[in-house]
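Undergrad: Dropping in work-v6.tsv, with TSV, C-alpha atoms.
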```
chain	number	residue	atom	x	y	z
A	395	MET	CA	-217.08	-132.71	156.43
A	396	ARG	CA	-216.82	-129.04	155.59
A	397	SER	CA	-220.23	-127.49	155.79
A	398	LEU	CA	-220.44	-125.81	152.40
A	399	ARG	CA	-221.50	-128.99	150.65
A	400	ARG	CA	-225.15	-129.70	150.04
A	401	PRO	CA	-226.41	-133.26	149.58
A	402	GLU	CA	-229.06	-132.27	147.02
A	403	SER	CA	-226.34	-131.05	144.67
A	404	TYR	CA	-224.94	-134.55	144.16
A	405	HIS	CA	-226.14	-136.89	141.46
A	406	CYS	CA	-224.39	-139.81	143.04
A	407	GLY	CA	-221.95	-140.88	145.72
A	408	THR	CA	-219.02	-140.80	143.32
A	409	ALA	CA	-219.49	-137.12	142.61
A	410	ALA	CA	-219.75	-136.51	146.36
A	411	ALA	CA	-216.52	-138.41	146.96
A	412	MET	CA	-214.84	-136.52	144.12
A	413	ASP	CA	-215.76	-133.28	145.83
A	414	VAL	CA	-213.66	-134.40	148.80
A	415	ILE	CA	-210.78	-135.63	146.64
A	416	ASP	CA	-210.88	-132.57	144.45
A	417	GLY	CA	-207.87	-132.49	142.19
A	418	LYS	CA	-204.81	-134.59	141.62
A	419	TRP	CA	-202.74	-133.42	144.58
A	420	LYS	CA	-205.13	-134.76	147.18
A	421	ILE	CA	-205.03	-138.19	145.59
A	422	VAL	CA	-201.25	-138.18	145.74
A	423	ILE	CA	-201.36	-136.98	149.37
A	424	LEU	CA	-203.73	-139.86	150.22
A	425	TRP	CA	-201.46	-142.30	148.44
A	426	ALA	CA	-198.28	-141.01	150.14
A	427	LEU	CA	-199.83	-140.96	153.61
A	428	GLY	CA	-201.25	-144.43	152.95
A	429	GLU	CA	-197.66	-145.66	152.70
A	430	ARG	CA	-196.57	-144.03	156.00
A	431	PRO	CA	-196.84	-140.75	157.95
A	432	HIS	CA	-194.98	-137.83	156.35
A	433	ARG	CA	-193.62	-134.51	157.49
A	434	PHE	CA	-194.58	-131.42	155.49
A	435	GLY	CA	-191.23	-131.13	153.71
A	436	GLU	CA	-191.22	-134.82	152.78
A	437	LEU	CA	-194.70	-134.52	151.32
A	438	ARG	CA	-193.66	-131.49	149.33
A	439	ARG	CA	-190.76	-133.39	147.81
A	440	THR	CA	-193.06	-136.32	146.97
A	441	LEU	CA	-195.59	-134.01	145.32
A	442	ASP	CA	-193.10	-132.70	142.85
A	443	GLY	CA	-194.22	-129.24	141.72
A	444	VAL	CA	-196.79	-128.37	144.39
A	445	SER	CA	-196.40	-124.96	146.03
A	446	GLU	CA	-196.08	-124.63	149.80
A	447	LYS	CA	-199.31	-122.63	149.91
A	448	VAL	CA	-201.34	-125.17	147.94
A	449	LEU	CA	-200.00	-128.13	149.93
A	450	ALA	CA	-200.76	-126.39	153.25
A	451	SER	CA	-204.27	-125.53	152.13
A	452	HIS	CA	-204.93	-129.08	150.87
A	453	LEU	CA	-203.70	-130.58	154.14
A	454	ARG	CA	-205.88	-128.18	156.12
A	455	GLU	CA	-208.96	-129.09	154.06
A	456	MET	CA	-208.22	-132.79	154.42
A	457	GLU	CA	-207.87	-132.32	158.17
A	458	GLU	CA	-211.24	-130.51	158.25
A	459	ASP	CA	-212.73	-133.34	156.20
A	460	GLY	CA	-211.47	-135.83	158.77
A	461	LEU	CA	-209.14	-137.60	156.32
A	462	VAL	CA	-205.80	-136.45	157.72
A	463	HIS	CA	-204.46	-136.26	161.25
A	464	ARG	CA	-201.87	-133.58	162.06
A	465	GLU	CA	-199.60	-134.34	164.98
A	466	ASP	CA	-197.38	-131.64	166.44
A	467	PHE	CA	-194.69	-133.33	168.53
A	468	ASP	CA	-193.78	-130.12	170.34
A	469	GLU	CA	-190.07	-130.68	169.83
A	470	VAL	CA	-187.16	-128.37	169.07
A	471	PRO	CA	-186.64	-128.12	166.12
A	472	PRO	CA	-190.40	-128.36	165.44
A	473	ARG	CA	-191.68	-131.70	164.15
A	474	VAL	CA	-195.15	-132.04	162.66
A	475	GLU	CA	-196.33	-135.27	161.08
A	476	TYR	CA	-199.32	-135.95	158.88
A	477	SER	CA	-201.02	-139.34	158.77
A	478	LEU	CA	-204.31	-140.84	157.58
A	479	THR	CA	-207.28	-141.14	159.94
A	480	PRO	CA	-209.45	-144.29	159.76
A	481	LEU	CA	-211.72	-142.31	157.40
A	482	GLY	CA	-208.74	-141.45	155.18
A	483	ILE	CA	-207.70	-145.11	155.15
A	484	SER	CA	-211.23	-146.11	154.12
A	485	LEU	CA	-211.15	-143.58	151.26
A	486	ASN	CA	-207.81	-144.98	150.10
A	487	GLN	CA	-209.29	-148.47	150.13
A	488	ALA	CA	-212.34	-147.29	148.17
A	489	LEU	CA	-209.97	-145.86	145.55
A	490	GLU	CA	-208.09	-149.13	145.05
A	491	PRO	CA	-210.27	-150.59	142.26
A	492	LEU	CA	-210.07	-147.26	140.44
A	493	ALA	CA	-206.28	-147.26	140.83
A	494	ASP	CA	-206.14	-150.77	139.36
A	495	TRP	CA	-208.40	-149.73	136.48
A	496	GLY	CA	-206.22	-146.68	135.76
A	497	GLU	CA	-203.06	-148.75	135.85
A	498	ARG	CA	-204.46	-151.39	133.54
A	499	HIS	CA	-206.46	-149.30	131.08
A	500	VAL	CA	-204.84	-145.86	131.03
A	501	ILE	CA	-201.17	-146.27	131.95
A	502	GLY	CA	-200.96	-149.77	130.47
A	503	ARG	CA	-202.40	-148.71	127.11
A	504	LEU	CA	-200.36	-145.62	126.52
A	505	PRO	CA	-197.62	-145.63	123.93
A	506	THR	CA	-194.29	-145.77	125.76
A	507	ALA	CA	-192.68	-143.15	123.53
B	1271	MET	CA	-206.92	-143.72	125.01
B	1272	ARG	CA	-206.29	-140.27	123.64
B	1273	SER	CA	-202.63	-139.95	122.88
B	1274	LEU	CA	-201.76	-136.77	124.75
B	1275	ARG	CA	-201.39	-138.58	128.05
B	1276	ARG	CA	-197.96	-139.67	129.19
B	1277	PRO	CA	-197.53	-142.54	131.65
B	1278	GLU	CA	-194.60	-140.94	133.43
B	1279	SER	CA	-196.77	-138.01	134.48
B	1280	TYR	CA	-198.91	-140.18	136.75
B	1281	HIS	CA	-198.08	-140.79	140.37
B	1282	CYS	CA	-200.56	-143.64	140.55
B	1283	GLY	CA	-203.35	-145.41	138.74
B	1284	THR	CA	-206.03	-143.34	140.49
B	1285	ALA	CA	-204.64	-140.11	139.05
B	1286	ALA	CA	-204.52	-141.77	135.63
B	1287	ALA	CA	-208.14	-142.88	135.96
B	1288	MET	CA	-209.14	-139.41	137.13
B	1289	ASP	CA	-207.63	-137.97	133.99
B	1290	VAL	CA	-210.10	-140.04	131.99
B	1291	ILE	CA	-213.04	-139.15	134.25
B	1292	ASP	CA	-212.08	-135.51	134.38
B	1293	GLY	CA	-214.84	-133.54	136.00
B	1294	LYS	CA	-218.25	-134.19	137.42
B	1295	TRP	CA	-220.21	-134.42	134.16
B	1296	LYS	CA	-218.37	-137.49	132.92
B	1297	ILE	CA	-219.14	-139.32	136.13
B	1298	VAL	CA	-222.82	-138.53	135.73
B	1299	ILE	CA	-222.69	-139.60	132.07
B	1300	LEU	CA	-221.10	-142.92	133.12
B	1301	TRP	CA	-223.75	-143.35	135.79
B	1302	ALA	CA	-226.66	-142.54	133.44
B	1303	LEU	CA	-225.38	-144.79	130.64
B	1304	GLY	CA	-224.75	-147.51	133.23
B	1305	GLU	CA	-228.49	-147.55	133.86
B	1306	ARG	CA	-229.42	-147.83	130.15
B	1307	PRO	CA	-228.54	-146.34	126.73
B	1308	HIS	CA	-229.58	-142.70	126.30
B	1309	ARG	CA	-230.22	-140.38	123.40
B	1310	PHE	CA	-228.44	-137.01	123.42
B	1311	GLY	CA	-231.51	-135.03	124.50
B	1312	GLU	CA	-232.29	-137.47	127.32
B	1313	LEU	CA	-228.72	-137.19	128.61
B	1314	ARG	CA	-228.91	-133.43	128.50
B	1315	ARG	CA	-232.08	-133.46	130.61
B	1316	THR	CA	-230.44	-135.86	133.09
B	1317	LEU	CA	-227.33	-133.68	133.36
B	1318	ASP	CA	-229.29	-130.69	134.52
B	1319	GLY	CA	-227.34	-127.55	133.61
B	1320	VAL	CA	-224.84	-128.92	131.09
B	1321	SER	CA	-224.53	-127.00	127.82
B	1322	GLU	CA	-225.06	-128.77	124.49
B	1323	LYS	CA	-221.47	-127.96	123.51
B	1324	VAL	CA	-219.93	-129.36	126.71
B	1325	LEU	CA	-222.03	-132.52	126.59
B	1326	ALA	CA	-221.13	-133.14	122.94
B	1327	SER	CA	-217.44	-132.64	123.63
B	1328	HIS	CA	-217.52	-134.94	126.70
B	1329	LEU	CA	-219.27	-137.66	124.71
B	1330	ARG	CA	-216.76	-137.34	121.90
B	1331	GLU	CA	-213.84	-137.63	124.34
B	1332	MET	CA	-215.43	-140.63	126.04
B	1333	GLU	CA	-215.93	-142.25	122.64
B	1334	GLU	CA	-212.24	-141.61	121.81
B	1335	ASP	CA	-211.29	-143.09	125.19
B	1336	GLY	CA	-213.28	-146.21	124.36
B	1337	LEU	CA	-215.76	-145.73	127.20
B	1338	VAL	CA	-218.85	-144.83	125.17
B	1339	HIS	CA	-220.35	-146.33	122.05
B	1340	ARG	CA	-222.29	-144.05	119.70
B	1341	GLU	CA	-224.88	-145.75	117.52
B	1342	ASP	CA	-226.52	-143.89	114.67
B	1343	PHE	CA	-229.66	-145.80	113.67
B	1344	ASP	CA	-229.92	-144.02	110.32
B	1345	GLU	CA	-233.63	-143.32	110.80
B	1346	VAL	CA	-235.87	-140.37	109.94
B	1347	PRO	CA	-236.12	-138.44	112.22
B	1348	PRO	CA	-232.47	-139.13	113.19
B	1349	ARG	CA	-231.90	-141.38	116.18
B	1350	VAL	CA	-228.51	-141.61	117.87
B	1351	GLU	CA	-227.99	-143.60	121.05
B	1352	TYR	CA	-225.10	-143.60	123.47
B	1353	SER	CA	-224.23	-146.65	125.56
B	1354	LEU	CA	-221.28	-147.94	127.60
B	1355	THR	CA	-218.65	-150.16	126.03
B	1356	PRO	CA	-217.24	-153.07	128.08
B	1357	LEU	CA	-214.42	-150.68	129.11
B	1358	GLY	CA	-216.96	-148.09	130.26
B	1359	ILE	CA	-218.81	-150.77	132.22
B	1360	SER	CA	-215.54	-151.80	133.89
B	1361	LEU	CA	-214.83	-148.18	134.86
B	1362	ASN	CA	-218.32	-147.87	136.35
B	1363	GLN	CA	-217.67	-151.03	138.37
B	1364	ALA	CA	-214.31	-149.69	139.56
B	1365	LEU	CA	-216.10	-146.55	140.76
B	1366	GLU	CA	-218.64	-148.46	142.86
B	1367	PRO	CA	-216.65	-148.58	146.14
B	1368	LEU	CA	-215.96	-144.85	145.79
B	1369	ALA	CA	-219.67	-144.21	145.21
B	1370	ASP	CA	-220.51	-146.17	148.36
B	1371	TRP	CA	-217.87	-144.26	150.31
B	1372	GLY	CA	-219.24	-140.92	149.08
B	1373	GLU	CA	-222.77	-141.89	149.94
B	1374	ARG	CA	-221.86	-143.03	153.41
B	1375	HIS	CA	-219.26	-140.47	154.42
B	1376	VAL	CA	-220.04	-137.32	152.45
B	1377	ILE	CA	-223.75	-137.31	151.65
B	1378	GLY	CA	-224.67	-139.23	154.81
B	1379	ARG	CA	-222.81	-136.86	157.10
B	1380	LEU	CA	-224.00	-133.57	155.74
B	1381	PRO	CA	-226.47	-131.51	157.71
B	1382	THR	CA	-229.89	-131.88	156.05
B	1383	ALA	CA	-230.69	-128.19	156.39
```
Please lay out the structure from this file as structure tokens.
TA:
Amino acid sequence: MRSLRRPESYHCGTAAAMDVIDGKWKIVILWALGERPHRFGELRRTLDGVSEKVLASHLREMEEDGLVHREDFDEVPPRVEYSLTPLGISLNQALEPLADWGERHVIGRLPTA
Amino acid sequence: MRSLRRPESYHCGTAAAMDVIDGKWKIVILWALGERPHRFGELRRTLDGVSEKVLASHLREMEEDGLVHREDFDEVPPRVEYSLTPLGISLNQALEPLADWGERHVIGRLPTA
């Protein structure tokens, strides 16, 4: 975990976890990499609207947080793949009940205008 | 649910749920009201640092989202209590695995400097 966080600043584990997730893009990155490993360009297409700079910085933070593994295959042309670490997989699993809740109670209840 | 949300804007249920949770204060409000009903002043003391205006607006949004029930006891001096609705309780339950994850992997791994 990045060292700027301080345990005494958290009221509860959820807030601590949220600090790692931190915004909607990281959730979508977790979800996409939970399906299968992705290359940078693929991820960018999946995260419709994210800038290259923001995606790169999110991936770097998630690597520092031990959630994402970056593999450089040292090929020509260059091939770099991102995948989830066991810690990233465990975070994805911990998010599953929340995903179900959101699907049932937020998406499911919205007017389909 | 407040009507400004659009289902097609969500990549997944987690992002939809996050839109309802929306920031660290709401998580702490959910957590506090999950323990027991609170009056406004009590909540404000629990959420150390929140302004009266922000707390009032969060509670109003959570009421509109069906997460929080506001009960005015019509007493002198006035007594108003906030509690979780069944939907709020279900969101709290859906957050439990994430809370455990945060406690184990974020709070538990930080240097205790």
Undergrad: Out of A:Glu469, A:Asp442, A:Glu457, A:Glu475, which residue has the shortest atom-to-atom distance to chain B when counting all atoms listed in the file?
TA: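 Looking only at the distances to chain B, the closest residue turns out to be A:Asp442.
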Undergrad: Skip A:Arg433 itself and residues of its chain fewer than 6 positions away, then list as number ranges by chain all residues within 9 Å of it, counting all atoms listed in the file.
TA: A: 473-477
Undergrad: Quick one: residues within 8 Å of B:Gly1358, only C-alpha atoms counted, chain neighbours fewer than 3 positions away excluded, as a PDB file with C-alpha atoms, in the coordinates of the input?
TA:
```
ATOM      1  CA  LEU B1300    -221.100-142.920 133.120  1.00  0.00           C
ATOM      2  CA  GLY B1336    -213.280-146.210 124.360  1.00  0.00           C
ATOM      3  CA  LEU B1337    -215.760-145.730 127.200  1.00  0.00           C
ATOM      4  CA  VAL B1338    -218.850-144.830 125.170  1.00  0.00           C
ATOM      5  CA  LEU B1354    -221.280-147.940 127.600  1.00  0.00           C
ATOM      6  CA  THR B1355    -218.650-150.160 126.030  1.00  0.00           C
ATOM      7  CA  LEU B1361    -214.830-148.180 134.860  1.00  0.00           C
ATOM      8  CA  ASN B1362    -218.320-147.870 136.350  1.00  0.00           C
TER       9      ASN B1362
END
```
Undergrad: Which chain B residues are at most 6 Å from chain A (counting all atoms listed in the file), as a ChimeraX atom specification?
TA: /B:1277,1283-1284,1286-1287,1364,1367-1369,1372-1373,1377
Undergrad: How far is it from atom CA of A:Ala450 to atom CA of A:His432, in Å with one decimal?
TA: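 About the pair atom CA of A:Ala450 and atom CA of A:His432: they are 13.2 Å apart.
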Undergrad: Rounded to one decimal place, report the atom CA of A:Leu453-atom CA of A:Val470 distance in Å.
TA: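 Distance between the two atoms: 22.4 Å.
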